[in-house]
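Trainee: Following this message is one structure expressed as structure tokens.
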Amino acid sequence: MLDLSVKLAYAAVCPDGRSPSRYTALRILLVEDDSILANALSLALRQSGYVVDPVNDGTSADHALTHDVYDLVVLDLGLPGLDGMQVLKRLRLRKFRVPVLILTARDSLSERVDGLDLGADDYLTKPFDLPELEARIRVLIRRNHTTSDVFIEYGPLRYDSVGKRVMVGGQTLDLSARDISVLEILLLRAGRVVSKEHLTERLYGWGEAVGDNAIEVGIHRLRKKLEPAGISILTIRGLGYLLEKPGAG
Ligand code: CA
């Protein structure tokens, strides 16, 4: 059995500064019916900067995967409703290329092979260490990004989406993890208005409290930091926010 108190203490006191996950709003669907394990994993992964949507049965997982977009799925095999293999099979039939990490108490070779045949990307057998899970998650997410996704250029700004750095004229801007998450969302939709709802959805998982003005405060802070580079964040009343580079508009 995973020693949760030790694992959580580790996550709290030993954040891995090299992890790209700490600086982005990557979204993970966590499918686990053991509520103690699910709660502990949700908490730990959120502390590492992921947005986590927990579900505790296969049918809910299938529904979530039909209606939402995820960067990774952590999937238990023994589940009420559809089991993990069925969830995986249905997901792959829809041809979504979201990476899937299977989490299971079972360790038989045939199940491992079946899972990989059905399109799982990796396996982890319980009990496991949290740092091991996080390391595997980082590998899968990185592998899923092609090199063309790595750098985004916008006016004088160059964003390294793996290193989670923002450069202007060769200088790295001093941005917090949250600033970078917000900027990344705006950059991925540059030239289009990004609604407050979209920002909220990307930044927070289900059931997490979102302060009334959390988005406004985050935008305000980021706007000030981007000002010297000539990048503006326009507020489009009633619609959302629009990133604008120098010379535009
Ligand atoms: Ca289970």
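Identifiers in the structure tokens: chain A, B, ... in order shown; residue index from 1 per chain; ligand index from 1 in order shown.
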So that I can check the surroundings of stretch 215-228 of chain A, please list as number ranges by chain every protein, DNA and RNA residue that reaches within 10 Å of it, counting only C-alpha atoms and ignoring chain neighbours fewer than 5 positions away.

Mentor: A: 157, 168, 173-176, 178-183, 196-197, 199-200, 203, 210, 233-235, 241, 243

Trainee: Within 6 Å of ligand 1 (counting only C-alpha atoms and all ligand atoms), which residues show up? I'd like them as a list in words.

Mentor: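 My answer, listing the contacting residues, is Glu32, Asp33, Asp34, Asp76, Gly78 and Leu79 of chain A.
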
Trainee: Write out as a list in words the set of residues from stretch 103-170 of chain A that DSSP, computed on the backbone, places in strand (DSSP E).

Mentor: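 Residues of stretch 103-170 of chain A classed as strand (DSSP E): Leu103, Thr104, Asp122, Tyr123, Leu124, Thr125, Phe151, Ile152, Glu153, Tyr154, Leu157, Arg158, Tyr159, Asp160, Arg165, Val166, Met167 and Val168 of chain A.
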
Trainee: For the residues selected in the previous step, produce a file with N, CA and C atoms as a PDB file, in the first residue's frame.

Mentor:
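What landed in part_2.pdb:
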ATOM      1  N   LEU A 103      -2.725   2.235 -14.398  1.00  0.00           N
ATOM      2  CA  LEU A 103      -2.348   2.122 -12.994  1.00  0.00           C
ATOM      3  C   LEU A 103      -3.080   0.906 -12.477  1.00  0.00           C
ATOM      4  N   THR A 104      -2.378  -0.116 -12.038  1.00  0.00           N
ATOM      5  CA  THR A 104      -3.119  -1.298 -11.660  1.00  0.00           C
ATOM      6  C   THR A 104      -2.420  -2.127 -10.597  1.00  0.00           C
ATOM      7  N   ASP A 122       1.920   3.441 -21.148  1.00  0.00           N
ATOM      8  CA  ASP A 122       2.814   2.992 -20.086  1.00  0.00           C
ATOM      9  C   ASP A 122       1.982   2.303 -19.008  1.00  0.00           C
ATOM     10  N   TYR A 123       2.672   1.574 -18.149  1.00  0.00           N
ATOM     11  CA  TYR A 123       2.067   0.813 -17.076  1.00  0.00           C
ATOM     12  C   TYR A 123       2.734   1.142 -15.762  1.00  0.00           C
ATOM     13  N   LEU A 124       1.998   1.228 -14.685  1.00  0.00           N
ATOM     14  CA  LEU A 124       2.609   1.346 -13.371  1.00  0.00           C
ATOM     15  C   LEU A 124       1.833   0.420 -12.432  1.00  0.00           C
ATOM     16  N   THR A 125       2.557  -0.418 -11.708  1.00  0.00           N
ATOM     17  CA  THR A 125       1.917  -1.389 -10.826  1.00  0.00           C
ATOM     18  C   THR A 125       1.875  -0.861  -9.402  1.00  0.00           C
ATOM     19  N   PHE A 151       8.281  25.727 -29.593  1.00  0.00           N
ATOM     20  CA  PHE A 151       8.443  27.177 -29.530  1.00  0.00           C
ATOM     21  C   PHE A 151       7.264  27.885 -30.183  1.00  0.00           C
ATOM     22  N   ILE A 152       6.782  28.895 -29.510  1.00  0.00           N
ATOM     23  CA  ILE A 152       5.747  29.753 -30.097  1.00  0.00           C
ATOM     24  C   ILE A 152       6.334  31.158 -30.170  1.00  0.00           C
ATOM     25  N   GLU A 153       6.343  31.743 -31.374  1.00  0.00           N
ATOM     26  CA  GLU A 153       6.834  33.113 -31.546  1.00  0.00           C
ATOM     27  C   GLU A 153       5.628  34.032 -31.658  1.00  0.00           C
ATOM     28  N   TYR A 154       5.687  35.133 -30.956  1.00  0.00           N
ATOM     29  CA  TYR A 154       4.593  36.109 -31.053  1.00  0.00           C
ATOM     30  C   TYR A 154       5.190  37.504 -30.894  1.00  0.00           C
ATOM     31  N   LEU A 157       8.221  38.153 -28.723  1.00  0.00           N
ATOM     32  CA  LEU A 157       8.206  37.167 -27.645  1.00  0.00           C
ATOM     33  C   LEU A 157       8.422  35.754 -28.196  1.00  0.00           C
ATOM     34  N   ARG A 158       9.236  34.997 -27.501  1.00  0.00           N
ATOM     35  CA  ARG A 158       9.482  33.600 -27.876  1.00  0.00           C
ATOM     36  C   ARG A 158       9.201  32.737 -26.651  1.00  0.00           C
ATOM     37  N   TYR A 159       8.270  31.809 -26.804  1.00  0.00           N
ATOM     38  CA  TYR A 159       7.862  30.977 -25.677  1.00  0.00           C
ATOM     39  C   TYR A 159       8.337  29.547 -25.889  1.00  0.00           C
ATOM     40  N   ASP A 160       9.073  29.032 -24.921  1.00  0.00           N
ATOM     41  CA  ASP A 160       9.548  27.650 -24.944  1.00  0.00           C
ATOM     42  C   ASP A 160       8.582  26.826 -24.084  1.00  0.00           C
ATOM     43  N   ARG A 165       9.673  28.806 -20.525  1.00  0.00           N
ATOM     44  CA  ARG A 165      10.352  30.093 -20.400  1.00  0.00           C
ATOM     45  C   ARG A 165       9.818  31.036 -21.459  1.00  0.00           C
ATOM     46  N   VAL A 166       9.785  32.296 -21.118  1.00  0.00           N
ATOM     47  CA  VAL A 166       9.363  33.308 -22.077  1.00  0.00           C
ATOM     48  C   VAL A 166      10.545  34.254 -22.276  1.00  0.00           C
ATOM     49  N   MET A 167      10.991  34.381 -23.540  1.00  0.00           N
ATOM     50  CA  MET A 167      12.153  35.211 -23.852  1.00  0.00           C
ATOM     51  C   MET A 167      11.711  36.409 -24.682  1.00  0.00           C
ATOM     52  N   VAL A 168      12.301  37.553 -24.356  1.00  0.00           N
ATOM     53  CA  VAL A 168      12.126  38.732 -25.198  1.00  0.00           C
ATOM     54  C   VAL A 168      13.520  39.304 -25.421  1.00  0.00           C
TER      55      VAL A 168
END

Trainee: Looking only at the backbone, which of the residues in stretch 161-243 of chain A does DSSP tag as alpha helix (DSSP H), as an MDAnalysis selection string?

Mentor: chainID A and resid 177:188 196:203 214:226

Trainee: Create the file for the chosen residues now, containing C-alpha atoms and written as a PDB file, in the first residue's frame.

Mentor:
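Below is the file part-v8.pdb, written as the result:
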ATOM      1  CA  ALA A 177       4.033  29.528 -12.929  1.00  0.00           C
ATOM      2  CA  ARG A 178       0.500  30.922 -13.007  1.00  0.00           C
ATOM      3  CA  ASP A 179       1.529  33.828 -15.280  1.00  0.00           C
ATOM      4  CA  ILE A 180       3.048  31.345 -17.712  1.00  0.00           C
ATOM      5  CA  SER A 181      -0.071  29.160 -17.665  1.00  0.00           C
ATOM      6  CA  VAL A 182      -2.263  32.150 -18.498  1.00  0.00           C
ATOM      7  CA  LEU A 183       0.101  33.366 -21.227  1.00  0.00           C
ATOM      8  CA  GLU A 184       0.288  29.893 -22.768  1.00  0.00           C
ATOM      9  CA  ILE A 185      -3.501  29.728 -23.042  1.00  0.00           C
ATOM     10  CA  LEU A 186      -3.594  33.179 -24.682  1.00  0.00           C
ATOM     11  CA  LEU A 187      -0.737  32.295 -27.074  1.00  0.00           C
ATOM     12  CA  LEU A 188      -2.387  29.076 -28.182  1.00  0.00           C
ATOM     13  CA  LYS A 196     -12.983  33.965 -19.080  1.00  0.00           C
ATOM     14  CA  GLU A 197     -14.778  30.606 -18.993  1.00  0.00           C
ATOM     15  CA  HIS A 198     -12.126  29.021 -21.213  1.00  0.00           C
ATOM     16  CA  LEU A 199      -9.347  30.377 -19.000  1.00  0.00           C
ATOM     17  CA  THR A 200     -11.109  29.142 -15.879  1.00  0.00           C
ATOM     18  CA  GLU A 201     -11.671  25.717 -17.374  1.00  0.00           C
ATOM     19  CA  ARG A 202      -8.042  25.343 -18.448  1.00  0.00           C
ATOM     20  CA  LEU A 203      -6.622  26.622 -15.170  1.00  0.00           C
ATOM     21  CA  ALA A 214      -8.934  35.231  -9.781  1.00  0.00           C
ATOM     22  CA  ILE A 215      -8.806  35.476 -13.576  1.00  0.00           C
ATOM     23  CA  GLU A 216      -8.918  39.312 -13.553  1.00  0.00           C
ATOM     24  CA  VAL A 217      -6.104  39.454 -11.004  1.00  0.00           C
ATOM     25  CA  GLY A 218      -3.989  37.005 -13.024  1.00  0.00           C
ATOM     26  CA  ILE A 219      -4.553  38.910 -16.269  1.00  0.00           C
ATOM     27  CA  HIS A 220      -3.744  42.231 -14.582  1.00  0.00           C
ATOM     28  CA  ARG A 221      -0.440  40.891 -13.238  1.00  0.00           C
ATOM     29  CA  LEU A 222       0.571  39.323 -16.539  1.00  0.00           C
ATOM     30  CA  ARG A 223      -0.397  42.460 -18.462  1.00  0.00           C
ATOM     31  CA  LYS A 224       2.032  44.543 -16.377  1.00  0.00           C
ATOM     32  CA  LYS A 225       4.851  42.090 -16.931  1.00  0.00           C
ATOM     33  CA  LEU A 226       4.315  42.005 -20.710  1.00  0.00           C
TER      34      LEU A 226
END

Trainee: Can you pull out the residues contacting A:Asp68? Cut-off 12 Å, using only C-alpha atoms, and skip same-chain residues under 3 positions away; I want them as a ChimeraX atom specification.

Mentor: /A:27-29,53,60-65,71-73,96,98,201-202,205-206

Trainee: Would you mind listing what lies within 6 Å of A:Tyr50 as a PyMOL selection string, with only C-alpha atoms counted and same-chain residues fewer than 3 positions away left out?

Mentor: chain A and resi 25-27+45-46

Trainee: For a test of reading the model, state the distance in Å between atom CA of A:Ala44 and atom CA of A:Leu140, rounded to one decimal.

Mentor: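 Straight-line distance from atom CA of A:Ala44 to atom CA of A:Leu140 works out to 18.0 Å.
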
Trainee: Just give me the gap between atom CA of A:Pro99 and atom CA of A:Gln47 in Å, one decimal is fine.

Mentor: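 Going from atom CA of A:Pro99 over to atom CA of A:Gln47 covers 21.0 Å.
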